[in-house]
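Data block for query.cif (mmCIF, C-alpha atoms and all ligand atoms):
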data_work
#
loop_
_atom_site.label_atom_id
_atom_site.label_comp_id
_atom_site.auth_asym_id
_atom_site.auth_seq_id
_atom_site.Cartn_x
_atom_site.Cartn_y
_atom_site.Cartn_z
CA MET A 1 0.00 0.00 0.00
CA VAL A 2 2.79 2.43 0.84
CA SER A 3 5.11 3.26 -2.01
CA ARG A 4 7.79 5.87 -1.70
CA LEU A 5 7.81 8.53 -4.36
CA ALA A 6 11.06 10.03 -5.51
CA ARG A 7 12.62 12.56 -3.18
CA GLN A 8 11.86 15.95 -4.61
CA ASN A 9 12.54 19.53 -3.57
CA PRO A 10 15.23 18.09 -1.28
CA PRO A 11 14.87 17.33 1.54
CA MET A 12 11.14 16.57 1.06
CA GLN A 13 10.25 12.91 1.13
CA SER A 14 6.77 11.75 0.27
CA VAL A 15 4.87 8.53 0.67
CA ARG A 16 1.89 7.71 -1.55
CA LEU A 17 -1.08 6.23 0.29
CA LEU A 18 -3.46 4.10 -1.75
CA ASP A 19 -5.84 1.42 -0.55
CA PRO A 20 -8.78 1.07 -2.95
CA GLU A 21 -10.63 -1.28 -0.59
CA SER A 22 -11.05 1.34 2.15
CA GLY A 23 -10.89 4.41 -0.10
CA LEU A 24 -7.60 5.63 1.37
CA ASP A 25 -5.99 7.93 -1.19
CA GLY A 26 -3.42 10.56 -0.30
CA VAL A 27 0.12 11.33 0.69
CA ILE A 28 2.39 11.73 3.69
CA ALA A 29 5.02 14.44 3.15
CA ILE A 30 8.07 14.50 5.43
CA HIS A 31 9.96 17.77 5.16
CA SER A 32 12.60 17.49 7.89
CA THR A 33 13.78 15.10 10.59
CA GLU A 34 16.86 16.99 11.90
CA LEU A 35 15.17 17.88 15.19
CA GLY A 36 13.32 14.56 15.54
CA PRO A 37 10.60 12.50 13.81
CA GLY A 38 8.41 14.42 11.38
CA ALA A 39 5.29 15.46 13.28
CA GLY A 40 2.13 17.00 11.85
CA GLY A 41 -1.58 16.28 11.63
CA CYS A 42 -3.67 14.42 9.09
CA ARG A 43 -5.95 16.49 6.87
CA PHE A 44 -9.06 14.88 5.34
CA TRP A 45 -10.55 17.12 2.70
CA ASP A 46 -12.02 17.30 -0.81
CA TYR A 47 -9.12 17.65 -3.24
CA PRO A 48 -9.87 17.72 -6.98
CA ASP A 49 -6.88 15.47 -7.72
CA LEU A 50 -3.80 13.89 -6.21
CA GLU A 51 -1.57 16.73 -7.35
CA ALA A 52 -3.56 19.26 -5.32
CA ALA A 53 -3.37 16.99 -2.25
CA PHE A 54 0.34 16.45 -2.83
CA ASP A 55 1.09 20.19 -3.13
CA ASP A 56 -0.87 20.92 0.02
CA ALA A 57 0.91 18.13 1.93
CA CYS A 58 4.33 19.48 0.91
CA ARG A 59 3.50 23.06 1.88
CA LEU A 60 1.96 21.99 5.17
CA ALA A 61 4.90 19.68 6.01
CA GLU A 62 7.35 22.51 5.43
CA GLY A 63 5.28 24.74 7.70
CA MET A 64 5.40 22.06 10.40
CA SER A 65 9.23 22.07 10.29
CA TYR A 66 9.23 25.80 11.01
CA LYS A 67 6.47 25.54 13.59
CA ASN A 68 8.11 22.72 15.56
CA ALA A 69 11.53 24.40 15.46
CA LEU A 70 10.17 27.72 16.70
CA ALA A 71 8.14 26.08 19.46
CA GLY A 72 11.32 24.36 20.69
CA LEU A 73 9.90 20.86 20.10
CA PRO A 74 12.07 17.79 19.42
CA PHE A 75 10.30 17.11 16.12
CA GLY A 76 10.80 17.70 12.44
CA GLY A 77 8.01 18.62 10.04
CA ALA A 78 5.55 16.34 8.23
CA LYS A 79 1.90 16.18 7.26
CA ALA A 80 -0.60 13.66 5.90
CA VAL A 81 -3.23 14.74 3.40
CA LEU A 82 -6.06 12.33 2.55
CA ARG A 83 -8.60 12.87 -0.20
CA ARG A 84 -12.17 12.42 0.99
CA PRO A 85 -13.82 9.72 -1.17
CA SER A 86 -16.69 11.00 -3.28
CA GLY A 87 -19.09 8.09 -2.62
CA THR A 88 -19.98 6.22 0.56
CA PHE A 89 -17.12 4.71 2.50
CA ASP A 90 -16.29 3.05 5.81
CA ARG A 91 -14.57 5.84 7.72
CA ALA A 92 -13.16 3.58 10.43
CA ALA A 93 -11.65 1.22 7.85
CA LEU A 94 -10.11 4.16 5.97
CA PHE A 95 -8.40 5.48 9.09
CA ARG A 96 -7.21 1.98 10.04
CA ALA A 97 -5.64 1.73 6.57
CA PHE A 98 -4.00 5.10 7.17
CA GLY A 99 -2.78 3.77 10.55
CA ARG A 100 -1.13 0.82 8.81
CA ALA A 101 0.71 3.23 6.52
CA VAL A 102 1.92 5.28 9.50
CA ALA A 103 3.04 2.03 11.20
CA GLU A 104 5.12 1.11 8.14
CA LEU A 105 7.09 4.33 8.58
CA ASP A 106 8.14 3.02 12.01
CA GLY A 107 8.29 6.35 13.86
CA LEU A 108 9.59 8.52 11.03
CA TYR A 109 6.18 10.22 11.04
CA VAL A 110 3.88 11.00 14.00
CA THR A 111 0.27 11.87 13.15
CA ALA A 112 -2.67 13.60 14.88
CA GLU A 113 -5.84 15.54 13.96
CA ASP A 114 -6.03 18.35 11.44
CA VAL A 115 -8.86 19.81 9.36
CA GLY A 116 -11.52 17.16 8.77
CA THR A 117 -10.27 14.60 11.29
CA SER A 118 -11.32 13.89 14.88
CA VAL A 119 -10.32 12.09 18.07
CA ALA A 120 -12.44 9.12 16.89
CA ASP A 121 -10.41 8.92 13.65
CA MET A 122 -7.14 8.98 15.59
CA ARG A 123 -8.48 6.22 17.83
CA GLU A 124 -8.84 4.04 14.71
CA VAL A 125 -5.29 4.96 13.67
CA SER A 126 -4.06 3.98 17.14
CA THR A 127 -5.31 0.41 16.65
CA MET A 128 -2.57 0.06 14.02
CA THR A 129 0.31 2.20 15.28
CA ARG A 130 1.60 3.91 18.41
CA HIS A 131 2.92 6.83 16.36
CA VAL A 132 -0.27 8.84 16.79
CA ALA A 133 -1.49 11.45 19.28
CA GLY A 134 -4.64 13.49 19.83
CA LEU A 135 -6.36 10.59 21.62
CA GLU A 136 -8.49 10.68 24.79
CA ILE A 137 -7.18 12.49 27.84
CA MET A 138 -6.02 10.19 30.67
CA GLY A 139 -5.83 11.83 34.13
CA ASP A 140 -3.21 14.60 34.22
CA GLN A 141 -1.59 13.36 31.02
CA ALA A 142 -1.44 15.57 27.94
CA GLY A 143 -3.77 14.47 25.18
CA GLY A 144 -7.13 14.84 23.51
CA ASP A 145 -8.31 17.25 20.86
CA PRO A 146 -5.49 19.76 20.31
CA SER A 147 -7.84 22.51 19.05
CA PRO A 148 -8.50 24.20 22.44
CA TRP A 149 -4.74 24.58 22.98
CA THR A 150 -4.37 26.01 19.49
CA ALA A 151 -7.19 28.46 20.14
CA LEU A 152 -5.66 29.52 23.47
CA GLY A 153 -2.31 30.21 21.78
CA VAL A 154 -4.03 32.26 19.06
CA PHE A 155 -5.99 34.22 21.66
CA GLU A 156 -2.90 35.04 23.74
CA SER A 157 -0.97 35.94 20.56
CA MET A 158 -3.73 38.28 19.47
CA ARG A 159 -3.86 39.97 22.86
CA THR A 160 -0.09 40.57 22.80
CA ALA A 161 -0.03 41.61 19.15
CA ALA A 162 -2.97 44.02 19.59
CA ARG A 163 -1.23 45.75 22.51
CA LEU A 164 2.03 46.00 20.60
CA THR A 165 0.84 46.95 17.13
CA LEU A 166 -2.53 48.65 17.74
CA GLY A 167 -1.92 49.92 21.28
CA ALA A 168 -5.30 48.50 22.26
CA GLU A 169 -6.95 45.86 24.42
CA LEU A 170 -9.17 43.23 22.80
CA SER A 171 -12.20 44.73 24.58
CA ASP A 172 -11.78 47.83 22.40
CA LEU A 173 -11.48 45.93 19.13
CA THR A 174 -13.57 44.26 16.44
CA VAL A 175 -12.22 40.91 15.24
CA ALA A 176 -13.25 39.28 11.94
CA VAL A 177 -12.95 35.50 12.18
CA GLN A 178 -12.86 33.45 8.97
CA GLY A 179 -13.84 29.84 9.76
CA THR A 180 -15.73 28.85 12.91
CA GLY A 181 -14.65 25.22 13.14
CA ASN A 182 -12.90 23.62 16.09
CA VAL A 183 -10.29 26.34 16.57
CA GLY A 184 -12.26 29.30 15.21
CA ALA A 185 -15.28 28.67 17.45
CA SER A 186 -13.13 28.24 20.55
CA LEU A 187 -11.24 31.44 19.69
CA CYS A 188 -14.53 33.31 19.20
CA ARG A 189 -15.74 32.24 22.66
CA GLN A 190 -12.54 33.52 24.28
CA LEU A 191 -12.73 36.77 22.33
CA ALA A 192 -16.35 37.29 23.34
CA ASP A 193 -15.42 36.65 26.99
CA ALA A 194 -12.67 39.27 26.65
CA GLY A 195 -15.23 41.78 25.38
CA ALA A 196 -14.19 41.92 21.71
CA ARG A 197 -16.84 42.55 19.06
CA LEU A 198 -17.05 39.70 16.56
CA ILE A 199 -17.77 39.38 12.85
CA ILE A 200 -17.74 35.77 11.65
CA ALA A 201 -18.07 33.73 8.44
CA ASP A 202 -18.04 30.04 7.59
CA ILE A 203 -19.01 28.08 4.49
CA ASP A 204 -21.03 25.81 6.78
CA PRO A 205 -24.24 27.67 7.79
CA ARG A 206 -24.81 25.41 10.83
CA ARG A 207 -21.46 26.36 12.27
CA ARG A 208 -21.67 30.12 11.71
CA ASN A 209 -25.33 30.71 12.58
CA ALA A 210 -25.44 28.84 15.90
CA LEU A 211 -22.24 30.47 17.10
CA GLY A 212 -23.34 33.89 15.87
CA ALA A 213 -26.55 33.64 17.89
CA VAL A 214 -24.84 32.45 21.09
CA LEU A 215 -22.05 35.05 21.00
CA ASN A 216 -24.08 37.89 19.52
CA ALA A 217 -21.65 38.04 16.60
CA THR A 218 -22.38 39.59 13.23
CA VAL A 219 -22.51 36.86 10.58
CA VAL A 220 -21.38 37.77 7.05
CA ASP A 221 -20.84 35.90 3.77
CA VAL A 222 -17.50 34.18 3.25
CA GLU A 223 -16.73 36.53 0.34
CA GLU A 224 -17.06 39.56 2.62
CA ILE A 225 -15.18 38.57 5.75
CA MET A 226 -11.72 39.68 4.63
CA ALA A 227 -12.85 43.22 3.77
CA VAL A 228 -15.20 44.01 6.66
CA GLU A 229 -14.65 46.98 8.98
CA ALA A 230 -12.61 45.26 11.67
CA ASP A 231 -9.39 45.94 13.58
CA VAL A 232 -8.11 42.36 13.47
CA PHE A 233 -8.54 39.64 10.85
CA ALA A 234 -8.23 36.06 12.14
CA PRO A 235 -7.92 33.44 9.37
CA CYS A 236 -9.12 30.16 10.92
CA ALA A 237 -10.27 28.26 7.82
CA LEU A 238 -7.92 26.78 5.24
CA GLY A 239 -4.63 28.23 4.01
CA GLY A 240 -3.93 30.87 1.36
CA ALA A 241 -6.37 33.54 2.63
CA LEU A 242 -3.74 36.29 2.36
CA THR A 243 -3.38 37.16 -1.32
CA ALA A 244 -2.35 40.39 -3.03
CA GLN A 245 -6.03 41.01 -3.71
CA SER A 246 -7.42 40.23 -0.24
CA VAL A 247 -4.69 42.28 1.44
CA ALA A 248 -5.38 45.25 -0.87
CA GLY A 249 -9.00 45.39 0.31
CA MET A 250 -8.36 44.63 3.98
CA LYS A 251 -9.46 47.20 6.58
CA ALA A 252 -7.96 45.33 9.53
CA ARG A 253 -4.55 46.49 10.74
CA LEU A 254 -3.51 43.20 12.33
CA VAL A 255 -3.72 39.61 11.05
CA CYS A 256 -3.51 36.89 13.68
CA GLY A 257 -5.22 33.53 13.26
CA ALA A 258 -5.01 29.76 13.42
CA ALA A 259 -4.93 28.68 9.77
CA ASN A 260 -1.75 27.06 8.48
CA ASN A 261 -0.03 28.64 5.47
CA GLN A 262 -2.02 31.87 5.47
CA LEU A 263 0.24 33.63 2.96
CA ALA A 264 -0.73 32.52 -0.55
CA ARG A 265 2.76 33.61 -1.61
CA PRO A 266 5.69 34.76 0.55
CA GLU A 267 5.72 38.25 -1.07
CA VAL A 268 2.27 38.95 0.36
CA ALA A 269 4.02 39.52 3.71
CA ASP A 270 5.76 42.56 2.17
CA LEU A 271 2.51 43.86 0.67
CA MET A 272 1.01 43.76 4.16
CA LEU A 273 3.98 45.68 5.54
CA GLU A 274 3.56 48.32 2.83
CA ARG A 275 -0.13 48.70 3.72
CA GLY A 276 0.66 48.99 7.44
CA ILE A 277 -0.95 45.65 8.32
CA ALA A 278 0.94 43.83 11.09
CA TYR A 279 1.22 40.09 10.65
CA ALA A 280 1.62 37.61 13.50
CA PRO A 281 3.22 34.62 11.70
CA ASP A 282 0.79 31.71 11.49
CA TYR A 283 3.06 28.91 12.62
CA VAL A 284 4.23 30.85 15.68
CA VAL A 285 0.67 31.74 16.67
CA ASN A 286 -0.93 28.31 16.09
CA ALA A 287 1.67 26.07 17.77
CA GLY A 288 -0.59 25.17 20.73
CA GLY A 289 -2.00 22.08 19.02
CA ILE A 290 1.33 20.52 18.12
CA ILE A 291 2.62 21.35 21.60
CA SER A 292 -0.22 19.26 23.04
CA VAL A 293 0.25 16.49 20.48
CA SER A 294 3.99 16.22 21.05
CA ALA A 295 3.59 16.23 24.86
CA GLU A 296 1.06 13.41 24.56
CA TYR A 297 3.37 11.42 22.31
CA LEU A 298 6.29 11.92 24.70
CA GLY A 299 4.17 10.99 27.76
CA GLU A 300 4.27 14.46 29.38
CA ASP A 301 1.52 16.01 31.50
CA ARG A 302 -0.97 18.80 30.84
CA ALA A 303 0.95 21.24 33.04
CA SER A 304 3.91 21.05 30.66
CA VAL A 305 1.58 21.80 27.74
CA ALA A 306 0.13 24.80 29.56
CA ALA A 307 3.63 26.09 30.35
CA ARG A 308 4.73 25.84 26.69
CA VAL A 309 1.50 27.37 25.35
CA ASP A 310 2.04 30.26 27.78
CA GLN A 311 5.25 31.07 25.91
CA ILE A 312 3.48 31.58 22.56
CA GLY A 313 2.16 35.10 23.29
CA PRO A 314 5.53 36.44 24.50
CA ARG A 315 7.29 34.79 21.53
CA VAL A 316 4.91 36.49 19.10
CA GLY A 317 5.60 39.76 20.93
CA GLU A 318 9.38 39.36 20.60
CA ILE A 319 9.12 38.58 16.89
CA LEU A 320 6.79 41.52 16.17
CA ASP A 321 9.02 43.82 18.18
CA LEU A 322 12.14 42.73 16.30
CA ALA A 323 10.32 43.06 12.98
CA ARG A 324 9.26 46.61 13.85
CA ARG A 325 12.77 47.61 14.86
CA GLU A 326 14.19 46.17 11.65
CA GLY A 327 11.39 47.59 9.46
CA ARG A 328 10.45 44.27 7.90
CA SER A 329 7.70 41.68 8.07
CA ALA A 330 7.52 39.41 11.10
CA ALA A 331 7.12 36.54 8.61
CA TRP A 332 10.78 36.86 7.60
CA VAL A 333 11.98 37.30 11.17
CA ALA A 334 10.21 34.08 12.25
CA ASP A 335 11.52 32.15 9.22
CA GLU A 336 15.09 33.15 10.05
CA ILE A 337 14.82 32.03 13.67
CA ALA A 338 13.35 28.66 12.61
CA GLU A 339 15.99 28.14 9.90
CA ARG A 340 18.79 28.93 12.35
CA THR A 341 17.35 26.39 14.83
CA ILE A 342 17.18 23.62 12.20
CA ALA A 343 20.64 24.46 10.84
CA ALA A 344 22.11 24.29 14.36
CA ALA A 345 20.59 20.81 14.83
CA ASN A 346 22.07 19.80 11.46
CA ARG A 347 25.53 20.98 12.53
CA GLN A 348 25.26 19.10 15.82
CA ALA A 349 24.28 15.91 13.99
CA ALA A 350 27.14 16.25 11.46
P1 LIG B 1 -12.09 22.66 11.22
O1 LIG B 1 -12.25 21.77 10.05
O2 LIG B 1 -12.71 22.29 12.51
O3 LIG B 1 -12.61 24.14 10.86
C1 LIG B 1 -12.37 24.78 9.65
C2 LIG B 1 -13.62 25.59 9.36
O4 LIG B 1 -13.37 26.45 8.24
C3 LIG B 1 -14.85 24.75 9.02
O5 LIG B 1 -15.94 25.15 9.84
C4 LIG B 1 -15.09 25.06 7.55
O6 LIG B 1 -16.46 24.99 7.20
C5 LIG B 1 -14.54 26.47 7.45
N1 LIG B 1 -14.17 26.92 6.11
C6 LIG B 1 -13.56 26.24 5.12
N2 LIG B 1 -13.35 27.05 4.06
C7 LIG B 1 -13.84 28.26 4.41
C8 LIG B 1 -13.90 29.52 3.75
N3 LIG B 1 -13.45 29.71 2.51
N4 LIG B 1 -14.46 30.57 4.41
C9 LIG B 1 -14.93 30.42 5.67
N5 LIG B 1 -14.91 29.24 6.33
C10 LIG B 1 -14.36 28.19 5.71
O7 LIG B 1 -10.52 22.90 11.38
P2 LIG B 1 -9.74 23.49 12.63
O8 LIG B 1 -9.15 22.35 13.38
O9 LIG B 1 -10.57 24.49 13.33
O10 LIG B 1 -8.51 24.21 11.90
C11 LIG B 1 -8.66 25.50 11.32
C12 LIG B 1 -7.33 25.95 10.74
O11 LIG B 1 -6.35 26.00 11.78
C13 LIG B 1 -6.74 25.02 9.68
O12 LIG B 1 -6.04 25.76 8.72
C14 LIG B 1 -5.77 24.15 10.45
O13 LIG B 1 -4.75 23.63 9.65
C15 LIG B 1 -5.24 25.17 11.43
N6 LIG B 1 -4.70 24.57 12.63
C16 LIG B 1 -5.48 23.79 13.42
C17 LIG B 1 -4.94 23.24 14.57
C18 LIG B 1 -5.78 22.40 15.50
O14 LIG B 1 -5.33 22.15 16.63
N7 LIG B 1 -6.97 21.97 15.11
C19 LIG B 1 -3.59 23.48 14.90
C20 LIG B 1 -2.83 24.30 14.09
C21 LIG B 1 -3.39 24.85 12.95
#
Could I get this file's structure written as structure tokens?
Ligand code: NAD
Amino acid sequence: MVSRLARQNPPMQSVRLLDPESGLDGVIAIHSTELGPGAGGCRFWDYPDLEAAFDDACRLAEGMSYKNALAGLPFGGAKAVLRRPSGTFDRAALFRAFGRAVAELDGLYVTAEDVGTSVADMREVSTMTRHVAGLEIMGDQAGGDPSPWTALGVFESMRTAARLTLGAELSDLTVAVQGTGNVGASLCRQLADAGARLIIADIDPRRRNALGAVLNATVVDVEEIMAVEADVFAPCALGGALTAQSVAGMKARLVCGAANNQLARPEVADLMLERGIAYAPDYVVNAGGIISVSAEYLGEDRASVAARVDQIGPRVGEILDLARREGRSAAWVADEIAERTIAAANRQAA
């Protein structure tokens, strides 16, 4: 079932996943293993073809290398991307087949939840391999759905970034949240508790309308959310929200959200700088989930997760501060720190 594809874009390594019986169809991309096994979640989504899934897996795996390095975790970067079958399928069997593929990699890749996957899916994976996290919580041990930790890290990042770049508290601000799924909804609840005004959008009407009613948030169409009158834009859907076009029409002066790979192209970071829009780099902000996943995998407790997630806000602050002093985008500052960390591990290993 697992066949290795040629190494491409060195050092990316990819593994094709195909099991027609269960409907498993996708790829595991492993971007780096200098700091430890490649760790990153499993995305289950509608992709038009394998190439689209493959491209997404490679981009996401690279992002995981940077995220894990910056969070100080002993893991490299990897990601699994599975295409959702178009007809009916046995979901448990599909995730068991995925678990067998992860098992074959023998610890080179550690998986967990991402968009479209749940604790129940990871439980199926765990019947086949121990290289999985994001399972049920046991006592004081780290574990469970990583989304609340991700949302907490985003919230703390936004609070720090708003003070630093807008000179304001969240209670004085309007936040536009794109995507009210696991992370987005949890973030919205924390923002509402902090007194922020909310504007939300989601392609799924059930998700946006129920949350909008409970939190007294303004609900808008997905096409509108990036250009609404708001102080902060929080991308919490899929990647690529920040394009030359969306940035040109953006009213918000700070972008801080959970989505992976928010910049459609790296240059968009400079366009934001030119327009005076501060950017809290996605993989610094959204590291809470992988912090929980890695602690679970390493058998650590919840207190250690909380302590590491507490460091996300201050880290975002340091990066934004350095970026401001150097007059460049925080995206580049974060990339440099991550690259230095990985290069140092490389030198140590040599
Ligand atoms: P999720 O699947 O629970 O939520 C995503 C939501 O976005 C869904 O409600 C979906 O309907 C909505 N959506 C999709 N396209 C949209 C669009 N164009 N406009 C508006 N809404 C849209 O996923 P999640 O776990 O909440 O993750 C959200 C993002 O955060 C993803 O990019 C994910 O990679 C990233 N992330 C998640 C975690 C985590 O712990 N779950 C950790 C790090 C990063």
Please, which residues have at least one atom within 6 Å of an atom of ligand LIG 1 (chain B), using only C-alpha atoms and all ligand atoms, listed as an mmCIF file with C-alpha atoms, keeping the file's coordinate frame?
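Everything below was put into selection-v4.cif:
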data_model
loop_
_atom_site.group_PDB
_atom_site.id
_atom_site.type_symbol
_atom_site.label_atom_id
_atom_site.label_comp_id
_atom_site.auth_asym_id
_atom_site.auth_seq_id
_atom_site.Cartn_x
_atom_site.Cartn_y
_atom_site.Cartn_z
ATOM 1 C CA ASP A 114 -6.030 18.350 11.440
ATOM 2 C CA VAL A 115 -8.860 19.810 9.360
ATOM 3 C CA GLY A 116 -11.520 17.160 8.770
ATOM 4 C CA PRO A 146 -5.490 19.760 20.310
ATOM 5 C CA SER A 147 -7.840 22.510 19.050
ATOM 6 C CA THR A 150 -4.370 26.010 19.490
ATOM 7 C CA GLN A 178 -12.860 33.450 8.970
ATOM 8 C CA GLY A 179 -13.840 29.840 9.760
ATOM 9 C CA THR A 180 -15.730 28.850 12.910
ATOM 10 C CA GLY A 181 -14.650 25.220 13.140
ATOM 11 C CA ASN A 182 -12.900 23.620 16.090
ATOM 12 C CA VAL A 183 -10.290 26.340 16.570
ATOM 13 C CA GLY A 184 -12.260 29.300 15.210
ATOM 14 C CA ALA A 201 -18.070 33.730 8.440
ATOM 15 C CA ASP A 202 -18.040 30.040 7.590
ATOM 16 C CA ILE A 203 -19.010 28.080 4.490
ATOM 17 C CA ASP A 204 -21.030 25.810 6.780
ATOM 18 C CA VAL A 222 -17.500 34.180 3.250
ATOM 19 C CA CYS A 236 -9.120 30.160 10.920
ATOM 20 C CA ALA A 237 -10.270 28.260 7.820
ATOM 21 C CA LEU A 238 -7.920 26.780 5.240
ATOM 22 C CA GLY A 239 -4.630 28.230 4.010
ATOM 23 C CA ALA A 258 -5.010 29.760 13.420
ATOM 24 C CA ALA A 259 -4.930 28.680 9.770
ATOM 25 C CA ASN A 260 -1.750 27.060 8.480
ATOM 26 C CA ASN A 286 -0.930 28.310 16.090
ATOM 27 C CA GLY A 289 -2.000 22.080 19.020
#
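Among the candidates A:Val119, A:Leu254, A:Arg189, A:Gln13, the residue lying nearest to Ala151 in chain A is A:Arg189 (atoms considered: all atoms listed in the file).
For the atom pair formed by CA of Glu224 in chain A and CA of Ser186 in chain A, the distance is 21.6 Å, given to one decimal.
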TODO: Using all atoms listed in the file, collect all residues at a distance of at most 12 Å from (2.0, 13.4, 25.1) as written in the file, then present them as a ChimeraX atom specification.
DONE: /A:73,110,112,130-138,140-146,289-305
Near Ala93 in chain A, within 9 Å and counting all atoms listed in the file, which residues show up once chain neighbours fewer than 6 positions away are dropped, as a PDB file with C-alpha atoms, keeping the file's coordinate frame?
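Dumped to selection26.pdb:
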ATOM      1  CA  GLU A  21     -10.630  -1.280  -0.590  1.00  0.00           C
ATOM      2  CA  SER A  22     -11.050   1.340   2.150  1.00  0.00           C
ATOM      3  CA  GLY A  23     -10.890   4.410  -0.100  1.00  0.00           C
ATOM      4  CA  LEU A  24      -7.600   5.630   1.370  1.00  0.00           C
ATOM      5  CA  GLU A 124      -8.840   4.040  14.710  1.00  0.00           C
TER       6      GLU A 124
END
Open item on the list: Please compute the CA of Asn209 in chain A-CA of Val177 in chain A distance, one decimal, in Å.
Closed with: 13.3 Å
